[in-house]
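> One structure, pasted below without further comment.
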Amino acid sequence: MNSSRKPSHPHSQRNLNSEIGPFIALNQEVFAELLTFVDFAEKFTIGFVEINFPPDAEILVEALKTNPECGDIQFVTLNFSDANLRFLRDEIVNILPTIEIEYNKKLVLIVQGLEKSIGVYGDYPPVLQDLNFVRDAYKRTVPHPILFILPDYALTRLAKFAPDFWAWQSGMFQFQTSQITKDYAINETQNTERIIDRLEPPEKQERIDLLHRLLMEYKPTGHHPTGENLRNCSNILHQLGVAYLSKNEPIKAREYLEEAEKIANEFQDSTFYAEVLNTLGDSYSQQRQFDIAIAYYQKSLSISQQLQNPRGEIAALFKLGNAYLDLRQFTQATTFYQQCLEIEQQLGDRYSQAGTYHQLGRVAQDLREFEEARHNYQQALAICIEFGDRYSSASTYHQLGIVAQKLREFEEARRNYQQALAIKIEFGDCYSQARIYHQLGIVAQDLREFEEARRNYQQALAIKIEFGDRYSSAGTYHQLGRVAQDLREFEEARRNYQQALAIKIEYGDRYSQALTYHCLGALAEAEENYAEARVNLQTALEIYVEYKDEYWGAIAREALERLQVHLDGNKPPI
C-alpha cells in the first residue's frame, strides 16, 4: 500500500467532450465574450482568463478548439509549470519558431501553469518582475494574441506586481467552476490532517495549491463571504494552516489559522473553534514557543470541558502532555497523559489508548526508566496490532528500538528499527524514514561501524533537508560530528557540532544545546585544548542543572574534574 498514491481525477476517466456542454452552459455569456475576443484579436493582444482549477481549464481549451466559430484559429497551449521560471518572454520566443502555423489560420497562444512561478505569497515574484520590465518587447517579439489562464489568487498577484503588463489587457474573462470539479476538490481536501504528513513535498504543494484554488471559490478577491461560504472558508483556512505546518512553515500557517479562528469565533462554532486553537498551539510548539502553545491548548481544553465534549478534551490534554514533555516537565506531562487515558477508558475507546500509552512510554524513557517505557510501548503496540493499525505500529517499533539501544541490546534495537522502516517504506512515508535512519546510525556507531553510521546519518539528513525540517537536522549534524570525532577527523567534527549548535540556538532548544556543548568540550579535550574544553563543559553542566538532568550532570562534573587535573598540571611552578 502506498498512501501517497494520487487518486485519478474524474475528468481523466471520462470523455472530455462530454464535460464541455455542462461547463459552457454554466458560463454561456462569458464564453461568448471570449469567442468574440479571440475572433477580433490581432497581433500582440492580452486576454486574462480566470479559472480556478486546471481540469476546467482543460475543458475550456477543448471547447475553444472544437467550436465552429474558431475554425480559422490555431490554438497552441504553452505550459509553464516550472516554479523557478523567471524569463517568460524568452521561453515563448524560443518556442515560437518550433510552431508550424497552419495555412490561413490565426495563431492564438494559451499560457497555462504560470501560477506555479507567481506563487501564493511573498513580494515581487521574479517572473512578474521580468514580465513588467520587458512589457514593451512583447509587441515586437511575440506578435500573436495570448490568453493567460490563471486562478483568482495568481491574477491578483499579477495585477499587483506587474501593473504595467496588467494594464495592457484587452479582456478579462471570469469562469465559474463546474460542480464536478468543485466536488472533486472538496473530496480531495477531506481528512487532510490525517494524511498530509505522509505526502512528499511535491504532493504537499499540490494539496496546498488545491486548497488555495478552493478558497477562491468561497472567498473571491474583493468579496467578503457570508453564510455557508464563510463556514466553508474557515474550514479551508484551517486546512491550509495544517498543510503549512506539515511543511514546517509555522508563521505562514498562522496567517490562515488566525483568520480561521476569527471566523469560528464569529460563528460561535465552539467545537471547531477549539480545534483551531489546538492547531494554533501546534504552530507555536513547532517554533518551541511552548508557553504560548500551552495557553492555546488550555483555552481549547476549557471550551471542550464547557461543551462536555470528551473527544475535544482528549485532543487538548494530549497536546498539553506533549508540550510539557518537550519542556522536560515530566510530572505535568504524565498528569495530562493519565487524564487523557482515564477519559479514553471511560469512553471504552481502546484504540485511542495506544497513542497515550506510547507517550507515557516516552516519559518513562526520558526518565531512564527503561523497563517501564518498554511496558508502555508494548501495550501501545498490542493495541495497534489488535486494530490492524500497521502504520501507527511503526512509531512504537521505533521507540522500542531506542529502549533496546539504551539497554545496549543492539541487535534487538536494529530489528525494531528495521521493522519500523519497512512499514514506513510500505506506506510511502519518506519523511518519517529520516528518524529511523538516524537511529540506525546511532546503533552502527555504538557498534563502532562508523562508515555505516555515517551513511545512515547522511540518508537521514538528506530527507530532512528535502522536507525543510531544519530543526530536526540539528540532531543529525550532532551525530555526524560524533562519528567524525570517533574517526579523529576533528575539524569535520567541529563543523558538524557548530552547525547543530547554531540550529538549536536558532530554535531556542536550550536543553539539547547541552549535549552539543558537552561534545565540543570532549573534542577540545581530545585536542588538548583544556581551557576551551572547560568552558564548553561548564556551559553544558549549567544547562543540565537548570533542567534537573542528574544523569548527564554527573557525567559533566566528572569530565570537569578530570580536566582540572590537566589544567593544574599545566600551571607554571610558583
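Just remember, in the C-alpha cells the first chain shown is A, the second B, etc., residues are 1-based per chain, and ligands are 1-based in the order shown.
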Any idea what's packed within 10 Å of region 436-449 of chain A, counting only C-alpha atoms, ignoring anything in its chain fewer than 6 positions away? Could you give it as an mmCIF file with all heavy atoms, in the first residue's frame?


data_model
loop_
_atom_site.group_PDB
_atom_site.id
_atom_site.type_symbol
_atom_site.label_atom_id
_atom_site.label_comp_id
_atom_site.auth_asym_id
_atom_site.auth_seq_id
_atom_site.Cartn_x
_atom_site.Cartn_y
_atom_site.Cartn_z
ATOM 1 N N ALA A 394 4.513 1.433 13.505
ATOM 2 C CA ALA A 394 5.897 1.751 13.131
ATOM 3 C C ALA A 394 6.552 2.656 14.162
ATOM 4 O O ALA A 394 7.708 2.455 14.541
ATOM 5 C CB ALA A 394 5.932 2.406 11.750
ATOM 6 N N SER A 395 5.820 3.668 14.634
ATOM 7 C CA SER A 395 6.382 4.597 15.624
ATOM 8 C C SER A 395 6.718 3.884 16.921
ATOM 9 O O SER A 395 7.708 4.212 17.586
ATOM 10 C CB SER A 395 5.393 5.734 15.892
ATOM 11 O OG SER A 395 5.202 6.497 14.732
ATOM 12 N N HIS A 398 9.774 1.852 16.549
ATOM 13 C CA HIS A 398 10.900 2.789 16.590
ATOM 14 C C HIS A 398 11.309 3.079 18.035
ATOM 15 O O HIS A 398 12.495 3.037 18.388
ATOM 16 C CB HIS A 398 10.492 4.078 15.874
ATOM 17 C CG HIS A 398 11.560 5.125 15.835
ATOM 18 N ND1 HIS A 398 11.668 6.096 16.791
ATOM 19 C CD2 HIS A 398 12.574 5.342 14.965
ATOM 20 C CE1 HIS A 398 12.696 6.879 16.496
ATOM 21 N NE2 HIS A 398 13.262 6.434 15.403
ATOM 22 N N GLN A 399 10.321 3.364 18.878
ATOM 23 C CA GLN A 399 10.632 3.687 20.283
ATOM 24 C C GLN A 399 11.148 2.461 21.032
ATOM 25 O O GLN A 399 12.031 2.584 21.893
ATOM 26 C CB GLN A 399 9.399 4.258 20.977
ATOM 27 C CG GLN A 399 8.953 5.617 20.455
ATOM 28 C CD GLN A 399 10.034 6.678 20.530
ATOM 29 O OE1 GLN A 399 10.382 7.302 19.539
ATOM 30 N NE2 GLN A 399 10.582 6.883 21.718
ATOM 31 N N GLY A 401 12.930 0.274 19.718
ATOM 32 C CA GLY A 401 14.327 0.220 19.285
ATOM 33 C C GLY A 401 15.209 1.118 20.129
ATOM 34 O O GLY A 401 16.317 0.730 20.525
ATOM 35 N N ILE A 402 14.728 2.315 20.440
ATOM 36 C CA ILE A 402 15.510 3.240 21.273
ATOM 37 C C ILE A 402 15.729 2.656 22.659
ATOM 38 O O ILE A 402 16.842 2.719 23.211
ATOM 39 C CB ILE A 402 14.814 4.615 21.354
ATOM 40 C CG1 ILE A 402 14.803 5.288 19.982
ATOM 41 C CG2 ILE A 402 15.513 5.513 22.378
ATOM 42 C CD1 ILE A 402 14.050 6.603 19.928
ATOM 43 N N GLN A 405 18.250 -0.022 22.551
ATOM 44 C CA GLN A 405 19.563 0.586 22.338
ATOM 45 C C GLN A 405 20.134 1.145 23.650
ATOM 46 O O GLN A 405 21.313 0.974 23.951
ATOM 47 C CB GLN A 405 19.413 1.707 21.302
ATOM 48 C CG GLN A 405 20.711 2.244 20.763
ATOM 49 C CD GLN A 405 20.447 3.166 19.587
ATOM 50 O OE1 GLN A 405 19.431 3.081 18.925
ATOM 51 N NE2 GLN A 405 21.380 4.050 19.333
ATOM 52 N N LYS A 406 19.270 1.816 24.418
ATOM 53 C CA LYS A 406 19.713 2.367 25.708
ATOM 54 C C LYS A 406 20.175 1.257 26.646
ATOM 55 O O LYS A 406 21.066 1.452 27.476
ATOM 56 C CB LYS A 406 18.586 3.156 26.368
ATOM 57 C CG LYS A 406 18.161 4.413 25.610
ATOM 58 C CD LYS A 406 19.221 5.491 25.639
ATOM 59 C CE LYS A 406 18.725 6.775 24.995
ATOM 60 N NZ LYS A 406 19.772 7.817 24.942
ATOM 61 N N ARG A 408 21.614 -1.328 25.604
ATOM 62 C CA ARG A 408 22.733 -1.932 24.887
ATOM 63 C C ARG A 408 22.374 -3.300 24.293
ATOM 64 O O ARG A 408 23.204 -4.181 24.137
ATOM 65 C CB ARG A 408 23.992 -2.007 25.754
ATOM 66 C CG ARG A 408 24.411 -0.641 26.300
ATOM 67 C CD ARG A 408 25.774 -0.646 26.932
ATOM 68 N NE ARG A 408 26.842 -0.898 25.973
ATOM 69 C CZ ARG A 408 27.310 0.015 25.106
ATOM 70 N NH1 ARG A 408 26.785 1.232 25.066
ATOM 71 N NH2 ARG A 408 28.310 -0.289 24.284
ATOM 72 N N GLU A 409 21.104 -3.446 23.957
ATOM 73 C CA GLU A 409 20.635 -4.651 23.261
ATOM 74 C C GLU A 409 20.591 -4.293 21.768
ATOM 75 O O GLU A 409 19.531 -4.087 21.171
ATOM 76 C CB GLU A 409 19.254 -5.054 23.776
ATOM 77 C CG GLU A 409 19.231 -5.360 25.273
ATOM 78 C CD GLU A 409 17.807 -5.466 25.834
ATOM 79 O OE1 GLU A 409 16.840 -5.292 25.040
ATOM 80 O OE2 GLU A 409 17.656 -5.708 27.041
ATOM 81 N N PHE A 410 21.754 -4.227 21.140
ATOM 82 C CA PHE A 410 21.870 -3.596 19.833
ATOM 83 C C PHE A 410 21.157 -4.363 18.719
ATOM 84 O O PHE A 410 20.547 -3.765 17.830
ATOM 85 C CB PHE A 410 23.345 -3.370 19.480
ATOM 86 C CG PHE A 410 24.030 -2.429 20.427
ATOM 87 C CD1 PHE A 410 25.185 -2.808 21.109
ATOM 88 C CD2 PHE A 410 23.520 -1.165 20.650
ATOM 89 C CE1 PHE A 410 25.817 -1.937 21.982
ATOM 90 C CE2 PHE A 410 24.145 -0.281 21.524
ATOM 91 C CZ PHE A 410 25.299 -0.664 22.183
ATOM 92 N N GLU A 411 21.238 -5.694 18.742
ATOM 93 C CA GLU A 411 20.571 -6.457 17.693
ATOM 94 C C GLU A 411 19.053 -6.337 17.800
ATOM 95 O O GLU A 411 18.345 -6.240 16.783
ATOM 96 C CB GLU A 411 21.013 -7.923 17.725
ATOM 97 C CG GLU A 411 22.442 -8.123 17.228
ATOM 98 C CD GLU A 411 22.699 -7.448 15.877
ATOM 99 O OE1 GLU A 411 21.846 -7.590 14.964
ATOM 100 O OE2 GLU A 411 23.735 -6.779 15.729
ATOM 101 N N ALA A 413 17.548 -3.723 19.055
ATOM 102 C CA ALA A 413 17.274 -2.358 18.593
ATOM 103 C C ALA A 413 17.202 -2.312 17.079
ATOM 104 O O ALA A 413 16.257 -1.766 16.481
ATOM 105 C CB ALA A 413 18.358 -1.411 19.097
ATOM 106 N N ARG A 414 18.188 -2.933 16.438
ATOM 107 C CA ARG A 414 18.236 -2.910 14.972
ATOM 108 C C ARG A 414 17.003 -3.600 14.377
ATOM 109 O O ARG A 414 16.431 -3.135 13.385
ATOM 110 C CB ARG A 414 19.529 -3.584 14.508
ATOM 111 C CG ARG A 414 19.803 -3.466 13.044
ATOM 112 C CD ARG A 414 21.204 -3.979 12.715
ATOM 113 N NE ARG A 414 22.190 -2.912 12.671
ATOM 114 C CZ ARG A 414 23.502 -3.098 12.789
ATOM 115 N NH1 ARG A 414 23.978 -4.321 12.997
ATOM 116 N NH2 ARG A 414 24.338 -2.079 12.717
ATOM 117 N N ARG A 415 16.586 -4.719 14.976
ATOM 118 C CA ARG A 415 15.396 -5.433 14.484
ATOM 119 C C ARG A 415 14.162 -4.535 14.530
ATOM 120 O O ARG A 415 13.366 -4.487 13.599
ATOM 121 C CB ARG A 415 15.150 -6.706 15.311
ATOM 122 C CG ARG A 415 15.788 -7.955 14.749
ATOM 123 C CD ARG A 415 15.221 -9.213 15.381
ATOM 124 N NE ARG A 415 15.394 -9.225 16.828
ATOM 125 C CZ ARG A 415 16.501 -9.645 17.445
ATOM 126 N NH1 ARG A 415 17.533 -10.078 16.726
ATOM 127 N NH2 ARG A 415 16.590 -9.631 18.756
ATOM 128 N N ASN A 416 14.005 -3.832 15.656
ATOM 129 C CA ASN A 416 12.841 -2.948 15.802
ATOM 130 C C ASN A 416 12.887 -1.801 14.791
ATOM 131 O O ASN A 416 11.871 -1.442 14.189
ATOM 132 C CB ASN A 416 12.772 -2.400 17.227
ATOM 133 C CG ASN A 416 12.174 -3.394 18.203
ATOM 134 O OD1 ASN A 416 11.064 -3.884 18.014
ATOM 135 N ND2 ASN A 416 12.905 -3.731 19.255
ATOM 136 N N TYR A 417 14.059 -1.210 14.614
ATOM 137 C CA TYR A 417 14.187 -0.120 13.641
ATOM 138 C C TYR A 417 13.882 -0.608 12.228
ATOM 139 O O TYR A 417 13.220 0.083 11.442
ATOM 140 C CB TYR A 417 15.596 0.486 13.680
ATOM 141 C CG TYR A 417 15.927 1.236 14.945
ATOM 142 C CD1 TYR A 417 17.208 1.166 15.499
ATOM 143 C CD2 TYR A 417 14.969 2.023 15.583
ATOM 144 C CE1 TYR A 417 17.528 1.866 16.659
ATOM 145 C CE2 TYR A 417 15.279 2.714 16.752
ATOM 146 C CZ TYR A 417 16.569 2.634 17.277
ATOM 147 O OH TYR A 417 16.869 3.324 18.422
ATOM 148 N N GLN A 418 14.370 -1.802 11.898
ATOM 149 C CA GLN A 418 14.152 -2.337 10.554
ATOM 150 C C GLN A 418 12.665 -2.603 10.313
ATOM 151 O O GLN A 418 12.153 -2.381 9.207
ATOM 152 C CB GLN A 418 14.967 -3.619 10.338
ATOM 153 C CG GLN A 418 16.482 -3.399 10.296
ATOM 154 C CD GLN A 418 16.954 -2.685 9.030
ATOM 155 O OE1 GLN A 418 16.148 -2.271 8.206
ATOM 156 N NE2 GLN A 418 18.262 -2.519 8.883
ATOM 157 N N GLN A 419 11.960 -3.063 11.362
ATOM 158 C CA GLN A 419 10.508 -3.263 11.228
ATOM 159 C C GLN A 419 9.812 -1.929 10.995
ATOM 160 O O GLN A 419 8.925 -1.808 10.144
ATOM 161 C CB GLN A 419 9.945 -3.936 12.495
ATOM 162 C CG GLN A 419 10.142 -5.443 12.512
ATOM 163 C CD GLN A 419 9.447 -6.087 13.705
ATOM 164 O OE1 GLN A 419 9.973 -6.053 14.818
ATOM 165 N NE2 GLN A 419 8.288 -6.655 13.490
ATOM 166 N N ALA A 420 10.223 -0.920 11.768
ATOM 167 C CA ALA A 420 9.632 0.414 11.612
ATOM 168 C C ALA A 420 9.893 0.952 10.212
ATOM 169 O O ALA A 420 8.986 1.487 9.550
ATOM 170 C CB ALA A 420 10.199 1.364 12.662
ATOM 171 N N LEU A 421 11.117 0.788 9.737
ATOM 172 C CA LEU A 421 11.495 1.310 8.430
ATOM 173 C C LEU A 421 10.708 0.618 7.316
ATOM 174 O O LEU A 421 10.232 1.269 6.372
ATOM 175 C CB LEU A 421 12.999 1.118 8.208
ATOM 176 C CG LEU A 421 13.588 1.709 6.929
ATOM 177 C CD1 LEU A 421 13.400 3.219 6.891
ATOM 178 C CD2 LEU A 421 15.078 1.356 6.816
ATOM 179 N N LYS A 424 7.247 2.131 7.160
ATOM 180 C CA LYS A 424 7.251 3.493 6.602
ATOM 181 C C LYS A 424 7.445 3.453 5.085
ATOM 182 O O LYS A 424 6.821 4.216 4.347
ATOM 183 C CB LYS A 424 8.357 4.329 7.249
ATOM 184 C CG LYS A 424 8.173 4.581 8.738
ATOM 185 C CD LYS A 424 6.966 5.428 9.042
ATOM 186 C CE LYS A 424 6.892 5.766 10.525
ATOM 187 N NZ LYS A 424 5.686 6.551 10.861
ATOM 188 N N ARG A 455 26.716 6.698 6.715
ATOM 189 C CA ARG A 455 25.777 6.530 5.604
ATOM 190 C C ARG A 455 24.332 6.733 6.060
ATOM 191 O O ARG A 455 23.548 7.398 5.389
ATOM 192 C CB ARG A 455 25.931 5.128 4.974
ATOM 193 C CG ARG A 455 26.907 5.062 3.819
ATOM 194 C CD ARG A 455 26.752 3.763 3.030
ATOM 195 N NE ARG A 455 26.940 2.589 3.870
ATOM 196 C CZ ARG A 455 28.124 2.053 4.149
ATOM 197 N NH1 ARG A 455 29.226 2.595 3.665
ATOM 198 N NH2 ARG A 455 28.229 0.981 4.906
ATOM 199 N N ASN A 456 24.005 6.155 7.213
ATOM 200 C CA ASN A 456 22.636 6.293 7.725
ATOM 201 C C ASN A 456 22.324 7.740 8.103
ATOM 202 O O ASN A 456 21.232 8.244 7.810
ATOM 203 C CB ASN A 456 22.433 5.367 8.938
ATOM 204 C CG ASN A 456 22.179 3.929 8.528
ATOM 205 O OD1 ASN A 456 21.285 3.645 7.749
ATOM 206 N ND2 ASN A 456 22.971 3.011 9.056
ATOM 207 N N TYR A 457 23.278 8.404 8.758
ATOM 208 C CA TYR A 457 23.054 9.809 9.120
ATOM 209 C C TYR A 457 22.881 10.675 7.877
ATOM 210 O O TYR A 457 22.035 11.578 7.842
ATOM 211 C CB TYR A 457 24.220 10.351 9.954
ATOM 212 C CG TYR A 457 24.339 9.758 11.341
ATOM 213 C CD1 TYR A 457 25.590 9.454 11.885
ATOM 214 C CD2 TYR A 457 23.210 9.513 12.117
ATOM 215 C CE1 TYR A 457 25.714 8.924 13.163
ATOM 216 C CE2 TYR A 457 23.323 8.967 13.388
ATOM 217 C CZ TYR A 457 24.579 8.676 13.908
ATOM 218 O OH TYR A 457 24.691 8.147 15.175
ATOM 219 N N GLN A 458 23.676 10.410 6.856
ATOM 220 C CA GLN A 458 23.579 11.216 5.640
ATOM 221 C C GLN A 458 22.243 10.989 4.929
ATOM 222 O O GLN A 458 21.678 11.931 4.362
ATOM 223 C CB GLN A 458 24.771 10.922 4.724
ATOM 224 C CG GLN A 458 26.067 11.560 5.248
ATOM 225 C CD GLN A 458 27.309 11.110 4.506
ATOM 226 O OE1 GLN A 458 27.315 10.066 3.848
ATOM 227 N NE2 GLN A 458 28.376 11.878 4.626
ATOM 228 N N GLN A 459 21.736 9.751 4.983
ATOM 229 C CA GLN A 459 20.402 9.493 4.421
ATOM 230 C C GLN A 459 19.342 10.266 5.199
ATOM 231 O O GLN A 459 18.439 10.864 4.616
ATOM 232 C CB GLN A 459 20.080 7.996 4.463
ATOM 233 C CG GLN A 459 20.675 7.203 3.307
ATOM 234 C CD GLN A 459 20.224 5.755 3.326
ATOM 235 O OE1 GLN A 459 20.780 4.946 4.068
ATOM 236 N NE2 GLN A 459 19.238 5.406 2.533
ATOM 237 N N ALA A 460 19.471 10.231 6.525
ATOM 238 C CA ALA A 460 18.519 10.960 7.374
ATOM 239 C C ALA A 460 18.569 12.451 7.069
ATOM 240 O O ALA A 460 17.535 13.113 6.916
ATOM 241 C CB ALA A 460 18.831 10.708 8.849
ATOM 242 N N LEU A 461 19.772 12.999 6.984
ATOM 243 C CA LEU A 461 19.946 14.431 6.762
ATOM 244 C C LEU A 461 19.385 14.845 5.404
ATOM 245 O O LEU A 461 18.724 15.896 5.283
ATOM 246 C CB LEU A 461 21.426 14.798 6.858
ATOM 247 C CG LEU A 461 21.765 16.288 6.827
ATOM 248 C CD1 LEU A 461 21.111 17.023 7.985
ATOM 249 C CD2 LEU A 461 23.279 16.491 6.859
ATOM 250 N N ILE A 463 16.919 13.566 3.742
ATOM 251 C CA ILE A 463 15.450 13.600 3.807
ATOM 252 C C ILE A 463 14.986 14.834 4.569
ATOM 253 O O ILE A 463 14.047 15.532 4.151
ATOM 254 C CB ILE A 463 14.901 12.311 4.468
ATOM 255 C CG1 ILE A 463 15.206 11.091 3.588
ATOM 256 C CG2 ILE A 463 13.401 12.425 4.711
ATOM 257 C CD1 ILE A 463 14.931 9.752 4.256
ATOM 258 N N SER A 473 17.249 18.475 11.762
ATOM 259 C CA SER A 473 18.565 18.230 11.167
ATOM 260 C C SER A 473 19.693 18.505 12.167
ATOM 261 O O SER A 473 20.796 17.966 12.030
ATOM 262 C CB SER A 473 18.759 19.069 9.905
ATOM 263 O OG SER A 473 18.824 20.448 10.204
ATOM 264 N N GLY A 475 20.002 17.431 15.211
ATOM 265 C CA GLY A 475 20.392 16.181 15.867
ATOM 266 C C GLY A 475 21.276 15.317 14.980
ATOM 267 O O GLY A 475 22.199 14.646 15.464
ATOM 268 N N THR A 476 21.012 15.354 13.679
ATOM 269 C CA THR A 476 21.810 14.538 12.758
ATOM 270 C C THR A 476 23.188 15.156 12.530
ATOM 271 O O THR A 476 24.195 14.439 12.449
ATOM 272 C CB THR A 476 21.053 14.339 11.443
ATOM 273 O OG1 THR A 476 19.737 13.822 11.741
ATOM 274 C CG2 THR A 476 21.774 13.354 10.542
ATOM 275 N N GLN A 479 25.222 14.079 15.432
ATOM 276 C CA GLN A 479 25.721 12.700 15.359
ATOM 277 C C GLN A 479 26.823 12.544 14.311
ATOM 278 O O GLN A 479 27.770 11.780 14.510
ATOM 279 C CB GLN A 479 24.560 11.745 15.059
ATOM 280 C CG GLN A 479 23.563 11.590 16.202
ATOM 281 C CD GLN A 479 24.210 11.143 17.495
ATOM 282 O OE1 GLN A 479 24.105 11.815 18.528
ATOM 283 N NE2 GLN A 479 24.893 10.013 17.475
ATOM 284 N N LEU A 480 26.714 13.278 13.219
ATOM 285 C CA LEU A 480 27.801 13.258 12.232
ATOM 286 C C LEU A 480 29.080 13.815 12.855
ATOM 287 O O LEU A 480 30.184 13.356 12.536
ATOM 288 C CB LEU A 480 27.408 14.078 10.998
ATOM 289 C CG LEU A 480 26.470 13.365 10.004
ATOM 290 C CD1 LEU A 480 25.867 14.365 9.026
ATOM 291 C CD2 LEU A 480 27.210 12.263 9.248
ATOM 292 N N ARG A 482 29.861 13.428 15.997
ATOM 293 C CA ARG A 482 30.383 12.355 16.864
ATOM 294 C C ARG A 482 31.129 11.294 16.055
ATOM 295 O O ARG A 482 32.170 10.794 16.482
ATOM 296 C CB ARG A 482 29.235 11.712 17.640
ATOM 297 C CG ARG A 482 28.709 12.573 18.789
ATOM 298 C CD ARG A 482 27.809 11.757 19.695
ATOM 299 N NE ARG A 482 28.496 10.569 20.184
ATOM 300 C CZ ARG A 482 27.889 9.434 20.531
ATOM 301 N NH1 ARG A 482 26.571 9.328 20.405
ATOM 302 N NH2 ARG A 482 28.583 8.403 20.957
ATOM 303 N N VAL A 483 30.580 10.948 14.860
ATOM 304 C CA VAL A 483 31.268 9.969 14.014
ATOM 305 C C VAL A 483 32.637 10.498 13.606
ATOM 306 O O VAL A 483 33.659 9.793 13.695
ATOM 307 C CB VAL A 483 30.426 9.650 12.752
ATOM 308 C CG1 VAL A 483 31.255 8.859 11.740
ATOM 309 C CG2 VAL A 483 29.188 8.855 13.125
ATOM 310 N N ASP A 486 34.971 10.300 16.492
ATOM 311 C CA ASP A 486 35.441 8.935 16.737
ATOM 312 C C ASP A 486 36.502 8.524 15.715
ATOM 313 O O ASP A 486 37.382 7.705 16.020
ATOM 314 C CB ASP A 486 34.258 7.957 16.673
ATOM 315 C CG ASP A 486 33.372 8.024 17.920
ATOM 316 O OD1 ASP A 486 33.864 8.492 18.975
ATOM 317 O OD2 ASP A 486 32.191 7.637 17.833
ATOM 318 N N LEU A 487 36.411 9.085 14.502
ATOM 319 C CA LEU A 487 37.405 8.794 13.468
ATOM 320 C C LEU A 487 38.583 9.768 13.517
ATOM 321 O O LEU A 487 39.443 9.740 12.638
ATOM 322 C CB LEU A 487 36.744 8.849 12.078
ATOM 323 C CG LEU A 487 35.717 7.744 11.786
ATOM 324 C CD1 LEU A 487 34.956 8.041 10.505
ATOM 325 C CD2 LEU A 487 36.404 6.378 11.693
#

> Between CA of Ser283 (chain A) and CA of Phe161 (chain A), measure the distance and give it in Å to one decimal.

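Computed distance, CA of Ser283 (chain A) to CA of Phe161 (chain A), equals 29.5 Å.
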
> Taking only residues of region 116-180 of chain A that have an atom at most 12 Å from an atom of region 71-79 of chain A, what is each one's shortest atom pair and its distance in Å to one decimal, using only C-alpha atoms, in chain and number order, as CSV?


residue,atom,partner,partner_atom,distance
A:Lys116,CA,A:Asn79,CA,10.6
A:Ser117,CA,A:Asn79,CA,11.8
A:His144,CA,A:Phe75,CA,10.8
A:Pro145,CA,A:Phe75,CA,10.0
A:Ile146,CA,A:Phe75,CA,9.7
A:Leu147,CA,A:Thr77,CA,9.3
A:Phe148,CA,A:Leu78,CA,9.8
A:Ile149,CA,A:Thr77,CA,10.2
A:Leu150,CA,A:Asn79,CA,11.6

> Please identify all polymer residues within 12 Å of Ala524 (chain A), counting only C-alpha atoms, omitting same-chain residues fewer than 3 positions from it, and present them as an NGL selection string.

:A and (485 or 488 or 490-491 or 493-494 or 497 or 517-521 or 527-537 or 559 or 563)

> Pick the closest to Tyr124 (chain A) from A:Pro220, A:Pro202, A:Pro163, A:Gly21: which is it, counting only C-alpha atoms?

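Checking each of A:Pro220, A:Pro202, A:Pro163, A:Gly21 against Tyr124 (chain A), counting only C-alpha atoms, the winner is A:Pro163.
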
> Could you please write out, as JSON, numbers by chain, every residue of region 165-227 of chain A that DSSP assigns to helix (DSSP H, G or I)?

{"A": [165, 166, 167, 179, 180, 181, 182, 183, 184, 185, 186, 187, 188, 192, 193, 194, 195, 196, 197, 198, 201, 202, 203, 204, 205, 206, 207, 208, 209, 210, 211, 212, 213, 214, 215, 216, 217, 218, 227]}

> For Asp469 (chain A), work out the shell of residues within 10 Å, counting only C-alpha atoms and skipping chain neighbours fewer than 3 positions away, then give it as number ranges by chain.

A: 246-249, 431, 461, 463-466, 472-474

> Can you write just those residues out, C-alpha atoms, as an mmCIF file, in the first residue's frame?


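Okay, this is what ended up in selection-v2.cif:
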data_model
loop_
_atom_site.group_PDB
_atom_site.id
_atom_site.type_symbol
_atom_site.label_atom_id
_atom_site.label_comp_id
_atom_site.auth_asym_id
_atom_site.auth_seq_id
_atom_site.Cartn_x
_atom_site.Cartn_y
_atom_site.Cartn_z
ATOM 1 C CA SER A 246 3.324 19.846 7.684
ATOM 2 C CA LYS A 247 5.898 21.808 5.639
ATOM 3 C CA ASN A 248 7.431 23.251 8.829
ATOM 4 C CA GLU A 249 6.215 26.761 7.987
ATOM 5 C CA TYR A 431 9.730 11.947 5.844
ATOM 6 C CA LEU A 461 19.946 14.431 6.762
ATOM 7 C CA ILE A 463 15.450 13.600 3.807
ATOM 8 C CA LYS A 464 15.241 16.306 6.481
ATOM 9 C CA ILE A 465 16.699 18.873 4.102
ATOM 10 C CA GLU A 466 14.315 17.778 1.329
ATOM 11 C CA SER A 472 15.496 18.010 13.356
ATOM 12 C CA SER A 473 18.565 18.230 11.167
ATOM 13 C CA ALA A 474 20.448 19.607 14.203
#

> By how many Å are CA of Ile196 (chain A) and CA of Gln379 (chain A) apart?

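CA of Ile196 (chain A) sits 27.0 Å away from CA of Gln379 (chain A).
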